[in-house]
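Chemist: Quick one: this structure, given as structure tokens, is what I'll be asking you about.
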Amino acid sequence: MKIGVLTSGGDAPGMNAAVRAVVRAGISYGHEVYGIKDGYQGMIEDDMVLLNHQSVSGMLSKGGTFLGTSRAPEFLKEEVREKAVQNLKNRGIEALIVIGGDGTYRGAMDLTRMGVKTIGLPGTIDNDIAGTDFTIGFHTAVETIVDAIDKLRDTSTSHRRCSIVEVMGRHCGDLALFSGICGGAEFIVTPEHPMNKEQIIERLKKHQKEGRRHAIIVVTENQFDVHEFAKEISEKSGFTSRATVLSYIQRGGSPCPEDRILGSRMGTYAVELLNDDIYGVCVGVRDSRMVHLPFVNVVGQKRPKNELYGLVKKVS
Ligand code: ADP
């Protein structure tokens with residue numbers, strides 16, 4: 001079988017590990033694997049290369065995605081997708097493994113309907129995909145954020161400061177939740193666990209009276225203007241406050257062991273699904289085991305509220 005592999009949407013550490021596993025497992029089962037450049041854009045432009053064992057050598061430790069990624073809005077047009085599918089057919093590529101987030105899965109659903117045997121792997125730091133406990137890249141991003149929180153805490157303590165740390169996650173608070181717990185944040189504010197600003201300020205006043213020297217607030221992006229809130233805290237709580245928006249730093253870096261293992265397992269599992277003629281599904285990890293679900297059960301679905309929220313109240 002000829003299999004295409006691509007990475008799409010926002011990049012995430014561990015995508016390279018997943019591509020490497022697709023290539024190596026694919027070859028070991030007797031398939032040919034083509035790397036498609038820059039996500040769906042490479043399919044549209046017929047930018048694909050045959051990969052061999054050596055092409056993915058040294059890739060486990062590399063951040064980003066060596067295949068490149070893009071947002072390809074043109075792909076939303078039926079006629080453009082038809083051209084892209086024709087490019088695959090001309091090369092005899094009948095199966096496709098896509099690594100990305102919800103948008104990438106939407107494209108994959110369309111391709112399945114158009115006759116391409118498509119499998120999705122969850123590659124995004126946001127951990128915002130239903131049907132999987134973890135996405136590829138999430139654990140590395142948590143490590144990066146925790147490192148930043150630890151550093152901010154040092155300087156916050158010296159200055160008796162309240163640091164607000166804004167992290168990514170879109171509609172999912174897991175990056176804030178996990179990193180907030182690991183970094184000992186006093187407040188964790190997420191879409192699943194919003195907090196009233198006045199409530200935070202009242203609690204900060206209490207902390208100030210108790211003589212605490214610092215406070216850390218970890219907040220998911222798009223909750224409120226963190227710089228404005230820092231000003232408000234400085235005016236009302238007794239702590240001076242600064243906001244730090246971590247932004248794209250969170251996407252980078254060498255993948256941590258969890259993401260290397262997850263990428264390797266998911267890439268191999270995807271090839272094995274194709275061996276069994278299973279497609280139109282996306283891969284997940286549930287209670288440490290590989291699983292797969294039809295795209296329709298995952299796309300646009302919300303993840304249940306994480307049980308770690310129960311812990312936050314007790315340890316923060
Ligand atoms: P992510 O996969 O990280 O959620 P995007 O939302 O940007 O990132 O989606 C990645 C790509 O998937 C888009 O650039 C587009 O090419 C394709 N895509 C997104 N939504 C759809 C859709 N509804 N139908 C077809 N393709 C889509």
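Ordered as shown in the structure tokens, chains take letters A, B, and onward, while each chain numbers its residues from 1 and ligands are numbered from 1 in the order shown.
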Using only C-alpha atoms and all ligand atoms, what table do you get, as a Markdown table, when you list each residue of chain A with an atom no more than 8 Å from ligand 1, its nearest pair of atoms, and their distance in Å rounded to one decimal, rows by chain then rising number?

Modeler:
| residue | atom | partner | partner_atom_place_in_ligand_line | distance |
| --- | --- | --- | --- | --- |
| A:Ser8 | CA | ligand 1 | 10 (C) | 5.3 |
| A:Gly9 | CA | ligand 1 | 8 (O) | 3.3 |
| A:Gly10 | CA | ligand 1 | 3 (O) | 4.5 |
| A:Asp11 | CA | ligand 1 | 3 (O) | 7.4 |
| A:Gly39 | CA | ligand 1 | 11 (C) | 7.3 |
| A:Tyr40 | CA | ligand 1 | 16 (O) | 5.5 |
| A:Gln41 | CA | ligand 1 | 16 (O) | 7.2 |
| A:Ser70 | CA | ligand 1 | 14 (O) | 6.2 |
| A:Arg71 | CA | ligand 1 | 14 (O) | 3.2 |
| A:Ala72 | CA | ligand 1 | 14 (O) | 3.7 |
| A:Pro73 | CA | ligand 1 | 16 (O) | 4.9 |
| A:Glu74 | CA | ligand 1 | 16 (O) | 6.6 |
| A:Phe75 | CA | ligand 1 | 16 (O) | 4.6 |
| A:Leu76 | CA | ligand 1 | 25 (C) | 4.4 |
| A:Lys77 | CA | ligand 1 | 25 (C) | 7.5 |
| A:Ile99 | CA | ligand 1 | 2 (O) | 7.9 |
| A:Gly100 | CA | ligand 1 | 2 (O) | 4.4 |
| A:Gly101 | CA | ligand 1 | 2 (O) | 3.3 |
| A:Asp102 | CA | ligand 1 | 4 (O) | 4.1 |
| A:Gly103 | CA | ligand 1 | 9 (O) | 3.4 |
| A:Thr104 | CA | ligand 1 | 2 (O) | 3.7 |
| A:Tyr105 | CA | ligand 1 | 2 (O) | 6.5 |
| A:Arg106 | CA | ligand 1 | 22 (C) | 4.6 |
| A:Gly107 | CA | ligand 1 | 26 (N) | 3.3 |
| A:Ala108 | CA | ligand 1 | 26 (N) | 7.1 |
| A:Met109 | CA | ligand 1 | 25 (C) | 7.8 |
| A:Asp110 | CA | ligand 1 | 25 (C) | 6.3 |
| A:Gly123 | CA | ligand 1 | 3 (O) | 7.5 |
| A:Thr124 | CA | ligand 1 | 3 (O) | 6.2 |

Chemist: Excluding same-chain residues fewer than 6 positions from segment 45-51 of chain A, what lies within 6 Å of it counting only C-alpha atoms, as a list of chain:residue names?

Modeler: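 Result of the neighbour search: A:Val33, A:Tyr34, A:Gly35, A:Ile36, A:Lys37, A:Asn87.
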
Chemist: Dump all heavy atoms for the selected residues as a PDB file, in the first residue's frame?

Modeler:
ATOM      1  N   VAL A  33       5.818   4.945   2.133  1.00  0.00           N
ATOM      2  CA  VAL A  33       5.251   6.096   2.841  1.00  0.00           C
ATOM      3  C   VAL A  33       5.736   7.403   2.197  1.00  0.00           C
ATOM      4  O   VAL A  33       6.939   7.610   2.029  1.00  0.00           O
ATOM      5  CB  VAL A  33       5.606   6.071   4.350  1.00  0.00           C
ATOM      6  CG1 VAL A  33       4.973   7.260   5.060  1.00  0.00           C
ATOM      7  CG2 VAL A  33       5.138   4.769   4.997  1.00  0.00           C
ATOM      8  N   TYR A  34       4.782   8.256   1.847  1.00  0.00           N
ATOM      9  CA  TYR A  34       5.075   9.558   1.240  1.00  0.00           C
ATOM     10  C   TYR A  34       4.845  10.668   2.257  1.00  0.00           C
ATOM     11  O   TYR A  34       3.774  10.726   2.880  1.00  0.00           O
ATOM     12  CB  TYR A  34       4.178   9.801   0.013  1.00  0.00           C
ATOM     13  CG  TYR A  34       4.588   8.970  -1.175  1.00  0.00           C
ATOM     14  CD1 TYR A  34       4.238   7.618  -1.249  1.00  0.00           C
ATOM     15  CD2 TYR A  34       5.356   9.508  -2.191  1.00  0.00           C
ATOM     16  CE1 TYR A  34       4.636   6.838  -2.327  1.00  0.00           C
ATOM     17  CE2 TYR A  34       5.758   8.740  -3.274  1.00  0.00           C
ATOM     18  CZ  TYR A  34       5.396   7.413  -3.330  1.00  0.00           C
ATOM     19  OH  TYR A  34       5.816   6.642  -4.395  1.00  0.00           O
ATOM     20  N   GLY A  35       5.803  11.529   2.420  1.00  0.00           N
ATOM     21  CA  GLY A  35       5.643  12.700   3.292  1.00  0.00           C
ATOM     22  C   GLY A  35       5.043  13.833   2.466  1.00  0.00           C
ATOM     23  O   GLY A  35       5.568  14.170   1.403  1.00  0.00           O
ATOM     24  N   ILE A  36       3.944  14.396   2.949  1.00  0.00           N
ATOM     25  CA  ILE A  36       3.278  15.501   2.244  1.00  0.00           C
ATOM     26  C   ILE A  36       3.649  16.791   2.974  1.00  0.00           C
ATOM     27  O   ILE A  36       3.473  16.888   4.195  1.00  0.00           O
ATOM     28  CB  ILE A  36       1.744  15.275   2.228  1.00  0.00           C
ATOM     29  CG1 ILE A  36       1.436  13.934   1.530  1.00  0.00           C
ATOM     30  CG2 ILE A  36       1.035  16.446   1.550  1.00  0.00           C
ATOM     31  CD1 ILE A  36      -0.016  13.499   1.604  1.00  0.00           C
ATOM     32  N   LYS A  37       4.183  17.763   2.228  1.00  0.00           N
ATOM     33  CA  LYS A  37       4.718  18.980   2.849  1.00  0.00           C
ATOM     34  C   LYS A  37       3.615  19.975   3.216  1.00  0.00           C
ATOM     35  O   LYS A  37       2.641  20.122   2.479  1.00  0.00           O
ATOM     36  CB  LYS A  37       5.691  19.671   1.882  1.00  0.00           C
ATOM     37  CG  LYS A  37       6.901  18.829   1.505  1.00  0.00           C
ATOM     38  CD  LYS A  37       7.919  18.801   2.633  1.00  0.00           C
ATOM     39  CE  LYS A  37       9.171  18.036   2.275  1.00  0.00           C
ATOM     40  NZ  LYS A  37       9.927  18.610   1.185  1.00  0.00           N
ATOM     41  N   ASN A  87      -4.370  14.355  -6.961  1.00  0.00           N
ATOM     42  CA  ASN A  87      -2.905  14.288  -6.845  1.00  0.00           C
ATOM     43  C   ASN A  87      -2.465  13.011  -6.138  1.00  0.00           C
ATOM     44  O   ASN A  87      -1.465  12.405  -6.505  1.00  0.00           O
ATOM     45  CB  ASN A  87      -2.371  15.519  -6.090  1.00  0.00           C
ATOM     46  CG  ASN A  87      -2.417  16.769  -6.942  1.00  0.00           C
ATOM     47  OD1 ASN A  87      -2.402  16.684  -8.174  1.00  0.00           O
ATOM     48  ND2 ASN A  87      -2.474  17.931  -6.300  1.00  0.00           N
TER      49      ASN A  87
END

Chemist: Check the smallest atom-to-atom distance from each of A:Ile217, A:Cys282, A:Ile93, A:Ile261 to Val299 of chain A using only C-alpha atoms, then report the winner.

Modeler: A:Cys282

Chemist: Would you mind listing what lies within 9 Å of Gly26 of chain A as a list of chain:residue names, with only C-alpha atoms counted and same-chain residues fewer than 2 positions away left out?

Modeler: A:Met1, A:Ile3, A:Ala21, A:Val22, A:Val23, A:Arg24, A:Ser28, A:Tyr29, A:Gly30, A:His31, A:Glu32, A:Val33, A:Thr268, A:Val271, A:Glu272

Chemist: Grab the residues selected above and save them as a CSV table (one decimal), in the first residue's frame with N, CA, C and O atoms.

Modeler:
chain,number,residue,atom,x,y,z
A,1,MET,N,0.9,-1.2,0.0
A,1,MET,CA,0.0,0.0,0.0
A,1,MET,C,0.9,1.2,0.0
A,1,MET,O,2.0,1.3,0.6
A,3,ILE,N,1.1,5.0,1.4
A,3,ILE,CA,0.4,5.8,2.5
A,3,ILE,C,1.0,7.2,2.4
A,3,ILE,O,2.3,7.3,2.4
A,21,ALA,N,7.4,7.2,13.2
A,21,ALA,CA,6.8,5.9,13.5
A,21,ALA,C,6.0,5.4,12.3
A,21,ALA,O,6.0,4.2,12.0
A,22,VAL,N,5.2,6.3,11.7
A,22,VAL,CA,4.4,5.9,10.5
A,22,VAL,C,5.4,5.4,9.4
A,22,VAL,O,5.1,4.4,8.8
A,23,VAL,N,6.5,6.1,9.2
A,23,VAL,CA,7.4,5.7,8.2
A,23,VAL,C,8.1,4.4,8.5
A,23,VAL,O,8.1,3.4,7.7
A,24,ARG,N,8.6,4.2,9.7
A,24,ARG,CA,9.3,3.0,10.0
A,24,ARG,C,8.4,1.8,10.1
A,24,ARG,O,8.7,0.7,9.6
A,28,SER,N,8.3,-1.4,7.6
A,28,SER,CA,8.4,-2.8,8.2
A,28,SER,C,7.3,-3.7,7.8
A,28,SER,O,7.4,-4.9,7.7
A,29,TYR,N,6.1,-3.1,7.5
A,29,TYR,CA,4.9,-3.9,7.0
A,29,TYR,C,4.9,-4.0,5.5
A,29,TYR,O,3.9,-4.5,4.9
A,30,GLY,N,5.9,-3.4,4.8
A,30,GLY,CA,6.0,-3.6,3.4
A,30,GLY,C,5.3,-2.5,2.6
A,30,GLY,O,5.1,-2.6,1.4
A,31,HIS,N,4.9,-1.4,3.2
A,31,HIS,CA,4.3,-0.2,2.5
A,31,HIS,C,5.3,0.8,2.1
A,31,HIS,O,6.5,0.8,2.5
A,32,GLU,N,4.8,1.7,1.2
A,32,GLU,CA,5.6,2.9,0.8
A,32,GLU,C,5.0,4.1,1.5
A,32,GLU,O,3.8,4.2,1.5
A,33,VAL,N,5.8,4.9,2.1
A,33,VAL,CA,5.3,6.1,2.8
A,33,VAL,C,5.7,7.4,2.2
A,33,VAL,O,6.9,7.6,2.0
A,268,THR,N,2.5,4.1,14.9
A,268,THR,CA,2.5,2.7,14.7
A,268,THR,C,1.1,2.1,14.6
A,268,THR,O,0.7,1.3,13.7
A,271,VAL,N,-0.8,2.8,11.3
A,271,VAL,CA,-0.4,1.9,10.2
A,271,VAL,C,-1.1,0.5,10.4
A,271,VAL,O,-1.6,-0.1,9.5
A,272,GLU,N,-1.1,0.1,11.7
A,272,GLU,CA,-1.7,-1.3,11.9
A,272,GLU,C,-3.2,-1.2,11.7
A,272,GLU,O,-3.8,-2.2,11.2

Chemist: Just the strand (DSSP E) stuff from segment 2-74 of chain A, please, per backbone DSSP, written as JSON, numbers by chain.

Modeler: {"A": [2, 3, 4, 5, 6, 7, 32, 33, 34, 35, 36, 48, 49, 50, 51]}

Chemist: Got a sec to tell me which of segment 76-305 of chain A DSSP assigns to helix (DSSP H, G or I), as an MDAnalysis selection string?

Modeler: chainID A and resid 76 78:91 102:113 138:159 174:182 197:209 226:236 247:251 257:275 295:297

Chemist: Would you write out, as a Markdown table, a table of all residues in segment 52-150 of chain A that have an atom no more than 9 Å from an atom of segment 246-249 of chain A, listing for each the closest atom pair and the distance in Å to one decimal, considering only C-alpha atoms and ordering rows by chain and rising residue number?

Modeler:
| residue | atom | partner | partner_atom | distance |
| --- | --- | --- | --- | --- |
| A:Ala141 | CA | A:Ile249 | CA | 8.7 |
| A:Thr144 | CA | A:Ile249 | CA | 7.9 |
| A:Ile145 | CA | A:Leu246 | CA | 7.7 |
| A:Ala148 | CA | A:Leu246 | CA | 8.3 |

Chemist: May I have the residues within 10 Å of Gly169 of chain A as a ChimeraX atom specification, using only C-alpha atoms and disregarding those fewer than 3 positions away in the same chain?

Modeler: /A:124-128,138,166,172-176,190-191,219-222

Chemist: Go ahead and dump the residues you just picked, C-alpha atoms, as a short mmCIF file (atom, residue, chain, number, x, y, z; two decimals), in the first residue's frame.

Modeler:
data_model
loop_
_atom_site.label_atom_id
_atom_site.label_comp_id
_atom_site.auth_asym_id
_atom_site.auth_seq_id
_atom_site.Cartn_x
_atom_site.Cartn_y
_atom_site.Cartn_z
CA THR A 124 -1.83 19.76 19.31
CA ILE A 125 -0.46 21.18 22.56
CA ASP A 126 -3.98 22.24 23.60
CA ASN A 127 -5.27 18.77 24.60
CA ASP A 128 -8.63 19.86 23.22
CA PHE A 138 0.60 18.50 25.45
CA GLU A 166 -1.49 33.47 30.26
CA CYS A 172 -9.67 23.78 26.78
CA GLY A 173 -8.20 24.60 30.18
CA ASP A 174 -5.92 21.56 30.48
CA LEU A 175 -2.66 23.44 29.83
CA ALA A 176 -3.53 25.90 32.61
CA THR A 190 -9.96 28.24 32.67
CA PRO A 191 -13.04 28.01 30.44
CA VAL A 219 -5.12 31.64 33.06
CA THR A 220 -6.19 30.15 29.72
CA GLU A 221 -6.05 32.57 26.77
CA ASN A 222 -9.15 34.63 25.87
#

Chemist: Can you work out which one of A:Val5, A:Ile201, A:Gly253, A:Ser163 has the shortest atom-to-atom distance to Gly267 of chain A, counting only C-alpha atoms?

Modeler: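 Going through A:Val5, A:Ile201, A:Gly253, A:Ser163 one by one, the smallest distance to Gly267 of chain A is for A:Val5.
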
Chemist: Identify, on the basis of only C-alpha atoms, every residue whose closest approach to Gly263 of chain A does not exceed 6 Å; exclude the query and any residue fewer than 3 positions from it along the same chain; express the result as a PDB file with N, CA, C and O atoms, in the first residue's frame.

Modeler:
ATOM      1  N   GLY A  14       6.569  16.387  19.140  1.00  0.00           N
ATOM      2  CA  GLY A  14       6.170  14.970  19.102  1.00  0.00           C
ATOM      3  C   GLY A  14       5.552  14.604  17.758  1.00  0.00           C
ATOM      4  O   GLY A  14       5.397  13.425  17.436  1.00  0.00           O
ATOM      5  N   ALA A  17       7.996  12.537  15.966  1.00  0.00           N
ATOM      6  CA  ALA A  17       8.057  11.149  16.463  1.00  0.00           C
ATOM      7  C   ALA A  17       6.946  10.325  15.813  1.00  0.00           C
ATOM      8  O   ALA A  17       7.139   9.149  15.464  1.00  0.00           O
ATOM      9  N   ALA A  18       5.774  10.958  15.637  1.00  0.00           N
ATOM     10  CA  ALA A  18       4.643  10.248  15.031  1.00  0.00           C
ATOM     11  C   ALA A  18       4.914   9.953  13.550  1.00  0.00           C
ATOM     12  O   ALA A  18       4.672   8.836  13.086  1.00  0.00           O
ATOM     13  N   ASP A 259       5.721  12.544  25.095  1.00  0.00           N
ATOM     14  CA  ASP A 259       5.290  12.854  23.725  1.00  0.00           C
ATOM     15  C   ASP A 259       6.028  12.014  22.686  1.00  0.00           C
ATOM     16  O   ASP A 259       5.464  11.676  21.645  1.00  0.00           O
ATOM     17  N   ARG A 260       7.271  11.656  22.975  1.00  0.00           N
ATOM     18  CA  ARG A 260       7.989  10.775  22.041  1.00  0.00           C
ATOM     19  C   ARG A 260       7.334   9.396  22.021  1.00  0.00           C
ATOM     20  O   ARG A 260       7.173   8.775  20.970  1.00  0.00           O
ATOM     21  N   MET A 266       1.175   6.048  18.598  1.00  0.00           N
ATOM     22  CA  MET A 266       0.037   6.402  17.743  1.00  0.00           C
ATOM     23  C   MET A 266       0.366   6.215  16.266  1.00  0.00           C
ATOM     24  O   MET A 266      -0.472   5.750  15.491  1.00  0.00           O
ATOM     25  N   GLY A 267       1.589   6.576  15.882  1.00  0.00           N
ATOM     26  CA  GLY A 267       1.989   6.408  14.477  1.00  0.00           C
ATOM     27  C   GLY A 267       1.970   4.944  14.074  1.00  0.00           C
ATOM     28  O   GLY A 267       1.463   4.580  13.005  1.00  0.00           O
TER      29      GLY A 267
END
